[in-house]
>>> print(open('query_1.txt').read())   # compact mmCIF, C-alpha atoms
# COMPACT_ATOMS: atom_id res chain seq x y z
CA MET Y 1 -20.11 -12.74 -0.86
CA ILE Y 2 -18.81 -9.27 -0.05
CA ALA Y 3 -20.02 -7.71 -3.27
CA GLU Y 4 -22.56 -9.07 -5.73
CA ARG Y 5 -21.60 -10.08 -9.26
CA ALA Y 6 -23.60 -7.21 -10.67
CA ILE Y 7 -20.29 -5.34 -10.65
CA HIS Y 8 -18.62 -8.24 -12.46
CA SER Y 9 -17.16 -5.98 -15.12
CA TYR Y 10 -15.15 -4.21 -12.44
CA SER Y 11 -14.33 -7.04 -10.03
CA ASN Y 12 -13.39 -9.83 -12.45
CA GLY Y 13 -9.79 -8.60 -12.47
CA LYS Y 14 -9.59 -8.46 -16.26
CA LEU Y 15 -9.56 -4.71 -16.79
CA ASN Y 16 -6.58 -3.46 -18.71
CA GLU Y 17 -5.24 0.08 -18.71
CA LEU Y 18 -7.17 1.06 -21.83
CA GLU Y 19 -10.42 -0.12 -20.30
CA LEU Y 20 -9.63 1.83 -17.15
CA ASP Y 21 -9.57 5.01 -19.20
CA GLY Y 22 -13.35 4.68 -19.53
CA TYR Y 23 -13.79 4.58 -15.78
CA CYS Y 24 -14.48 7.52 -13.55
CA ASP Y 25 -12.33 8.29 -10.54
CA PHE Y 26 -14.25 5.97 -8.26
CA GLY Y 27 -13.74 2.99 -10.51
CA PHE Y 28 -17.09 2.46 -12.25
CA PRO Y 29 -18.04 3.01 -15.91
CA THR Y 30 -19.33 6.50 -16.62
CA GLY Y 31 -22.64 4.99 -17.61
CA HIS Y 32 -25.37 3.43 -15.53
CA ALA Y 33 -24.75 0.51 -13.21
CA THR Y 34 -26.47 -1.24 -10.34
CA TRP Y 35 -24.85 -3.30 -7.63
CA GLU Y 36 -25.76 -4.80 -4.28
CA PHE Y 37 -23.90 -5.13 -1.00
CA GLY Y 38 -25.83 -7.58 1.13
CA LYS Y 39 -29.27 -6.01 1.40
CA LEU Y 40 -28.07 -2.64 0.19
CA ALA Y 41 -28.85 -1.74 -3.40
CA ALA Y 42 -27.54 1.38 -5.08
CA THR Y 43 -27.99 2.77 -8.55
CA LEU Y 44 -25.33 4.96 -10.08
CA PRO Y 45 -26.54 7.68 -12.48
CA ARG Y 46 -24.51 8.70 -15.47
CA VAL Y 47 -21.84 11.16 -14.37
CA SER Y 48 -20.40 13.71 -16.73
CA SER Y 49 -16.61 13.85 -16.66
CA SER Y 50 -16.89 17.60 -16.12
CA LYS Y 51 -18.64 16.94 -12.83
CA LEU Y 52 -16.13 14.45 -11.47
CA ASP Y 53 -13.83 15.31 -8.62
CA LEU Y 54 -10.51 14.82 -10.41
CA ARG Y 55 -8.42 15.43 -7.30
CA SER Y 56 -6.29 12.37 -6.71
CA SER Y 57 -6.73 11.01 -3.21
CA LYS Y 58 -5.21 8.08 -1.34
CA LEU Y 59 -8.42 6.14 -1.92
CA ASP Y 60 -8.27 6.86 -5.66
CA GLU Y 61 -4.72 5.55 -5.77
CA VAL Y 62 -5.73 2.39 -3.91
CA ILE Y 63 -8.54 1.72 -6.40
CA ARG Y 64 -6.28 2.33 -9.41
CA THR Y 65 -3.43 0.15 -8.19
CA PHE Y 66 -5.57 -2.78 -7.03
CA ALA Y 67 -7.50 -2.72 -10.34
CA LYS Y 68 -4.20 -3.38 -12.16
CA VAL Y 69 -2.91 -6.24 -9.97
CA PHE Y 70 -3.84 -8.99 -12.41
CA ASP Y 71 -1.72 -9.77 -15.46
CA GLY Y 72 -4.17 -11.92 -17.38
CA SER Y 73 -5.21 -14.58 -14.88
CA GLU Y 74 -2.06 -14.24 -12.77
CA ILE Y 75 -1.50 -11.97 -9.77
CA ASP Y 76 1.49 -9.77 -10.60
CA THR Y 77 3.69 -9.53 -7.49
CA SER Y 78 5.14 -6.10 -8.21
CA ARG Y 79 1.69 -4.63 -8.81
CA LEU Y 80 0.29 -6.36 -5.75
CA LEU Y 81 2.99 -4.97 -3.50
CA ARG Y 82 2.57 -1.51 -5.00
CA ALA Y 83 -1.17 -1.67 -4.34
CA CYS Y 84 -0.60 -2.81 -0.77
CA ARG Y 85 1.81 0.09 -0.24
CA ALA Y 86 -0.85 2.51 -1.47
CA HIS Y 87 -3.35 0.85 0.84
CA LEU Y 88 -0.96 1.24 3.77
CA GLU Y 89 -0.99 5.01 3.24
CA LEU Y 90 -4.79 4.95 3.28
CA MET Y 91 -4.81 2.96 6.52
CA LYS Y 92 -2.42 5.41 8.14
CA SER Y 93 -4.97 8.13 7.47
CA GLY Y 94 -7.70 6.13 9.23
CA GLY Y 95 -6.85 7.41 12.70
CA ALA Y 96 -6.16 5.60 15.96
CA ALA Y 97 -8.68 2.83 15.26
CA MET Y 98 -6.70 1.67 12.22
CA CYS Y 99 -3.24 2.15 13.75
CA LEU Y 100 -2.73 -1.50 14.72
CA VAL Y 101 -4.07 -2.65 11.35
CA ALA Y 102 -1.61 -0.34 9.56
CA LYS Y 103 1.37 -1.46 11.65
CA ASP Y 104 0.54 -5.11 11.03
CA LEU Y 105 0.19 -4.48 7.29
CA GLU Y 106 3.52 -2.66 7.13
CA SER Y 107 5.33 -5.43 8.99
CA ASN Y 108 3.98 -8.10 6.64
CA LEU Y 109 4.73 -5.99 3.58
CA HIS Y 110 8.39 -5.87 4.59
CA LYS Y 111 8.46 -9.69 4.66
CA ALA Y 112 7.05 -9.97 1.14
CA GLU Y 113 9.12 -7.13 -0.31
CA ALA Y 114 12.38 -8.57 1.02
CA LEU Y 115 12.15 -11.66 -1.18
CA PHE Y 116 10.82 -9.77 -4.19
CA LYS Y 117 13.71 -7.27 -4.08
CA LYS Y 118 16.16 -10.15 -3.85
CA SER Y 119 14.67 -12.21 -6.71
CA PRO Y 120 12.29 -10.05 -8.78
CA LYS Y 121 12.37 -12.24 -11.92
CA GLU Y 122 11.70 -15.44 -10.01
CA CYS Y 123 8.91 -13.71 -8.08
CA LYS Y 124 7.12 -12.10 -11.03
CA THR Y 125 3.77 -13.61 -10.05
CA LEU Y 126 2.34 -14.64 -6.72
CA ALA Y 127 2.40 -18.24 -7.90
CA SER Y 128 6.09 -18.12 -8.88
CA LEU Y 129 6.98 -16.44 -5.58
CA LEU Y 130 5.25 -19.16 -3.57
CA GLU Y 131 6.83 -21.86 -5.75
CA LEU Y 132 10.29 -20.35 -5.15
CA GLU Y 133 9.88 -20.47 -1.38
CA ARG Y 134 8.38 -23.95 -1.47
CA LYS Y 135 11.30 -25.29 -3.52
CA GLY Y 136 13.69 -23.60 -1.11
CA ASP Y 137 12.44 -25.88 1.67
CA ILE Y 138 12.05 -23.02 4.11
CA HIS Y 139 8.53 -24.16 5.00
CA ASN Y 140 7.40 -27.43 6.56
CA GLY Y 141 4.39 -28.19 4.42
CA ASN Y 142 1.76 -25.62 5.30
CA VAL Y 143 3.62 -24.64 8.44
CA LEU Y 144 5.16 -21.43 7.18
CA SER Y 145 8.49 -20.05 8.25
CA ASP Y 146 8.40 -16.61 9.82
CA PRO Y 147 9.66 -14.26 8.56
CA SER Y 148 8.97 -15.27 4.97
CA ALA Y 149 7.22 -13.76 1.97
CA ALA Y 150 4.48 -16.39 2.13
CA MET Y 151 3.79 -15.61 5.78
CA GLY Y 152 3.63 -11.89 5.08
CA LEU Y 153 1.29 -12.31 2.11
CA LEU Y 154 -0.93 -14.72 4.03
CA TRP Y 155 -1.59 -12.13 6.73
CA ILE Y 156 -1.93 -9.25 4.28
CA ARG Y 157 -4.71 -11.18 2.56
CA ARG Y 158 -6.50 -11.85 5.82
CA SER Y 159 -6.17 -8.21 6.81
CA LEU Y 160 -7.66 -7.07 3.49
CA ALA Y 161 -10.58 -9.47 3.94
CA PHE Y 162 -11.18 -8.01 7.41
CA GLN Y 163 -11.04 -4.45 6.11
CA SER Y 164 -13.31 -5.14 3.15
CA HIS Y 165 -15.92 -6.55 5.55
CA LEU Y 166 -15.57 -3.45 7.72
CA PHE Y 167 -15.84 -1.05 4.76
CA GLU Y 168 -19.06 -2.71 3.69
CA SER Y 169 -20.69 -1.30 6.82
CA LEU Y 170 -19.90 2.21 5.59
CA MET Y 171 -21.92 1.83 2.41
CA SER Y 172 -25.28 2.71 3.98
CA PRO Y 173 -26.06 5.40 6.57
CA ASP Y 174 -28.40 2.83 8.13
CA GLY Y 175 -25.74 0.13 8.37
CA GLN Y 176 -23.96 -1.17 11.44
CA HIS Y 177 -21.83 1.13 13.53
CA PRO Y 178 -18.23 0.63 12.32
CA LYS Y 179 -17.25 -0.67 15.76
CA ASP Y 180 -19.85 -3.44 15.61
CA ALA Y 181 -18.91 -4.24 12.01
CA ALA Y 182 -15.23 -4.36 12.98
CA TYR Y 183 -15.90 -6.90 15.75
CA GLN Y 184 -17.93 -9.01 13.34
CA ALA Y 185 -15.24 -8.80 10.66
CA TYR Y 186 -12.54 -9.64 13.19
CA ASN Y 187 -14.39 -12.73 14.42
CA LYS Y 188 -14.78 -13.99 10.86
CA HIS Y 189 -11.44 -13.19 9.24
CA LEU Y 190 -8.77 -12.86 11.95
CA SER Y 191 -9.85 -14.35 15.28
CA PRO Y 192 -9.70 -17.98 14.06
CA TYR Y 193 -5.94 -17.53 13.54
CA HIS Y 194 -5.13 -15.45 16.62
CA GLY Y 195 -3.92 -16.89 19.88
CA TRP Y 196 -5.04 -15.72 23.31
CA MET Y 197 -2.80 -12.64 23.38
CA LEU Y 198 -3.89 -11.23 20.02
CA ARG Y 199 -7.54 -12.08 20.72
CA THR Y 200 -7.20 -9.78 23.72
CA VAL Y 201 -5.19 -6.93 22.19
CA PHE Y 202 -6.72 -6.66 18.72
CA PRO Y 203 -10.40 -6.36 19.70
CA ALA Y 204 -9.42 -3.75 22.30
CA SER Y 205 -8.01 -1.57 19.51
CA LEU Y 206 -11.28 -1.91 17.59
CA SER Y 207 -13.21 -0.30 20.43
CA GLN Y 208 -11.83 3.03 19.16
CA MET Y 209 -13.70 2.77 15.85
CA PRO Y 210 -15.31 6.16 15.13
CA GLN Y 211 -18.71 6.85 13.66
CA ARG Y 212 -19.35 6.35 9.95
CA ALA Y 213 -19.07 10.06 9.11
CA VAL Y 214 -15.60 10.27 10.64
CA PHE Y 215 -14.40 7.30 8.58
CA LEU Y 216 -15.80 8.76 5.39
CA SER Y 217 -14.25 12.15 6.00
CA LYS Y 218 -10.82 10.61 6.63
CA PHE Y 219 -10.93 8.36 3.56
CA GLY Y 220 -12.33 11.19 1.45
CA GLU Y 221 -9.72 13.60 2.81
CA VAL Y 222 -12.32 16.24 3.61
CA ASP Y 223 -13.09 17.99 6.86
CA ILE Y 224 -16.05 16.40 8.58
CA GLU Y 225 -17.86 19.78 8.52
CA ASP Y 226 -17.63 19.69 4.70
CA LEU Y 227 -18.97 16.15 4.39
CA ASP Y 228 -22.22 16.96 2.60
CA HIS Y 229 -24.45 14.53 0.69
CA GLU Y 230 -22.49 14.94 -2.56
CA GLN Y 231 -19.13 14.29 -0.91
CA GLU Y 232 -20.51 11.32 1.00
CA SER Y 233 -21.92 9.81 -2.20
CA LYS Y 234 -18.57 10.07 -3.98
CA ILE Y 235 -16.66 8.46 -1.13
CA VAL Y 236 -19.18 5.63 -0.78
CA ARG Y 237 -18.97 4.89 -4.49
CA LYS Y 238 -15.19 4.73 -4.30
CA LEU Y 239 -15.36 2.35 -1.35
CA GLY Y 240 -17.82 0.23 -3.31
CA ALA Y 241 -15.36 0.00 -6.18
CA PHE Y 242 -12.61 -1.04 -3.78
CA ILE Y 243 -14.75 -3.74 -2.13
CA GLY Y 244 -15.71 -5.16 -5.52
CA THR Y 245 -12.09 -5.32 -6.66
CA LEU Y 246 -10.92 -6.98 -3.46
CA GLU Y 247 -13.48 -9.78 -3.59
CA HIS Y 248 -12.08 -11.39 -6.73
CA LEU Y 249 -8.47 -10.74 -5.73
CA ILE Y 250 -8.81 -12.27 -2.27
CA ASN Y 251 -10.46 -15.40 -3.68
CA GLU Y 252 -7.69 -15.91 -6.26
CA TRP Y 253 -5.04 -15.12 -3.65
CA LYS Y 254 -6.35 -17.80 -1.32
CA ASP Y 255 -6.71 -20.32 -4.15
CA CYS Y 256 -3.04 -19.78 -5.01
CA PHE Y 257 -1.93 -20.52 -1.45
CA GLU Y 258 -4.08 -23.64 -1.32
CA LYS Y 259 -2.74 -24.83 -4.67
CA PHE Y 260 0.79 -24.85 -3.27
CA GLY Y 261 -0.29 -26.26 0.10
CA LEU Y 262 0.81 -23.11 1.96
CA GLU Y 263 -2.41 -22.09 3.70
CA ASP Y 264 -1.15 -21.99 7.29
CA THR Y 265 -4.14 -22.16 9.65
CA ARG Y 266 -2.26 -22.23 12.95
CA ARG Y 267 -3.05 -19.70 15.67
CA VAL Y 268 -0.34 -17.17 16.42
>>> encode(input="query_1.txt", output="structure tokens")
Amino acid sequence: MIAERAIHSYSNGKLNELELDGYCDFGFPTGHATWEFGKLAATLPRVSSSKLDLRSSKLDEVIRTFAKVFDGSEIDTSRLLRACRAHLELMKSGGAAMCLVAKDLESNLHKAEALFKKSPKECKTLASLLELERKGDIHNGNVLSDPSAAMGLLWIRRSLAFQSHLFESLMSPDGQHPKDAAYQAYNKHLSPYHGWMLRTVFPASLSQMPQRAVFLSKFGEVDIEDLDHEQESKIVRKLGAFIGTLEHLINEWKDCFEKFGLEDTRRV
């Protein structure tokens, strides 16, 4: 489990916009909460709204948009694509190490957006989008046509799972070096579906992963010289909110693909 259920109130995907008003800019209630990430435990003190950094950052936008992806129990396609677009902008700010990840995400987003723009009403939810393609006979069972919206969304989900695993390593200053965490995340979430070529190219790009402080400064949009303990704490809390949100979404996303028999496990 990427994030423990102690942050259930945030990661269960049931927050509506009114409930979000009670959340601070890094996505947690402005009260007192405790959560765990693997062996890491952190306790959030009550934060006065006057002390919050209200500057809107790319990471803030990612948290806000992903928190609104669910419409009841359904994944809203428009909101999902909007959140993924916001996430793409965050990845583009991650430097050379995230360049290949960002390009892959953008390519797959185009595939999903093409169908949604063509048939927005029929693609209102992820389930209805997948049903539309399945009824259109463009796929051969779980062998997905490429390009297609299903193929794009399949790889976006896998990419987000990889990134969430990587971001978990940034939560503690005593955690793995991001490069080691990236290799581990790649082997778990992407390598099983990559052919020989991608299993050569992709890990090579991960060798450029910078140190934790560099990642945090980029995602926090602060100069690394200004990354003091207070700034670091804020950025880590925001990443924690993002990881917690993704866990529930990724699980539901995968369940939806499996329900329609569209979980393509071939190597590419």
>>> residues_near_point(input="query_1.txt", point="(0.7, -21.8, 6.4)", cutoff="9 Å", atoms="all atoms listed in the file", output="list in words")
His139, Asn140, Gly141, Asn142, Val143, Leu144, Ser145, Ala150, Met151, Leu154, Phe257, Gly261, Leu262, Glu263, Asp264, Thr265 and Arg266 of chain Y
>>> closest_residue(input="query_1.txt", among="Y:Arg212, Y:His165, Y:Lys218, Y:Lys118", to="Y:Gly94", atoms="all atoms listed in the file")
Y:Lys218
>>> closest_residue(input="query_1.txt", among="Y:Leu80, Y:Leu105, Y:Leu88, Y:Ala181", to="Y:Ser164", atoms="all atoms listed in the file")
Y:Ala181
>>> atom_distance(input="query_1.txt", atom1="atom CA of Y:Leu198", atom2="atom CA of Y:Phe167")
21.9 Å
>>> residues_around(input="query_1.txt", residues="stretch 124-129 of chain Y", least_positions_apart="3", cutoff="9 Å", atoms="all atoms listed in the file", output="VMD selection string")
chain Y and resid 71 74 to 78 80 115 to 116 119 to 121 132 to 134 149 to 150 253 256 to 257 259 to 260
>>> residues_around(input="query_1.txt", residues="Y:Pro173", least_positions_apart="3", cutoff="10 Å", atoms="all atoms listed in the file", output="list in words")
Ser169, Leu170, Gln176, His177, Arg212, Ala213 and Glu232 of chain Y
>>> residues_near_point(input="query_1.txt", point="(-16.2, -0.5, -0.2)", cutoff="7 Å", atoms="only C-alpha atoms", output="PyMOL selection string")
chain Y and resi 164+167-168+171+236+238-243
>>> atom_distance(input="query_1.txt", atom1="atom CA of Y:Gly195", atom2="atom CA of Y:Tyr183")
16.1 Å
>>> atom_distance(input="query_1.txt", atom1="atom CA of Y:Phe215", atom2="atom CA of Y:Gly152")
26.6 Å
>>> closest_residue(input="query_1.txt", among="Y:Lys58, Y:Lys254, Y:Arg82, Y:Lys68", to="Y:Arg157", atoms="all atoms listed in the file")
Y:Lys254
>>> residues_around(input="query_1.txt", residues="Y:Val222", least_positions_apart="5", cutoff="12 Å", atoms="only C-alpha atoms", output="list in words")
Arg55, Ser57, Lys58, Ser93, Ala213, Val214, Phe215, Leu216, Ser217, Leu227, Asp228, Glu230, Gln231, Glu232, Lys234 and Ile235 of chain Y
>>> write_last_selection(input="query_1.txt", atoms="C-alpha atoms", output="tab-separated table (two decimals), in the frame of the given file")
chain	number	residue	atom	x	y	z
Y	55	ARG	CA	-8.42	15.43	-7.30
Y	57	SER	CA	-6.73	11.01	-3.21
Y	58	LYS	CA	-5.21	8.08	-1.34
Y	93	SER	CA	-4.97	8.13	7.47
Y	213	ALA	CA	-19.07	10.06	9.11
Y	214	VAL	CA	-15.60	10.27	10.64
Y	215	PHE	CA	-14.40	7.30	8.58
Y	216	LEU	CA	-15.80	8.76	5.39
Y	217	SER	CA	-14.25	12.15	6.00
Y	227	LEU	CA	-18.97	16.15	4.39
Y	228	ASP	CA	-22.22	16.96	2.60
Y	230	GLU	CA	-22.49	14.94	-2.56
Y	231	GLN	CA	-19.13	14.29	-0.91
Y	232	GLU	CA	-20.51	11.32	1.00
Y	234	LYS	CA	-18.57	10.07	-3.98
Y	235	ILE	CA	-16.66	8.46	-1.13
>>> closest_residue(input="query_1.txt", among="Y:Leu81, Y:Ala97, Y:Cys123, Y:Val201", to="Y:Val69", atoms="only C-alpha atoms")
Y:Leu81
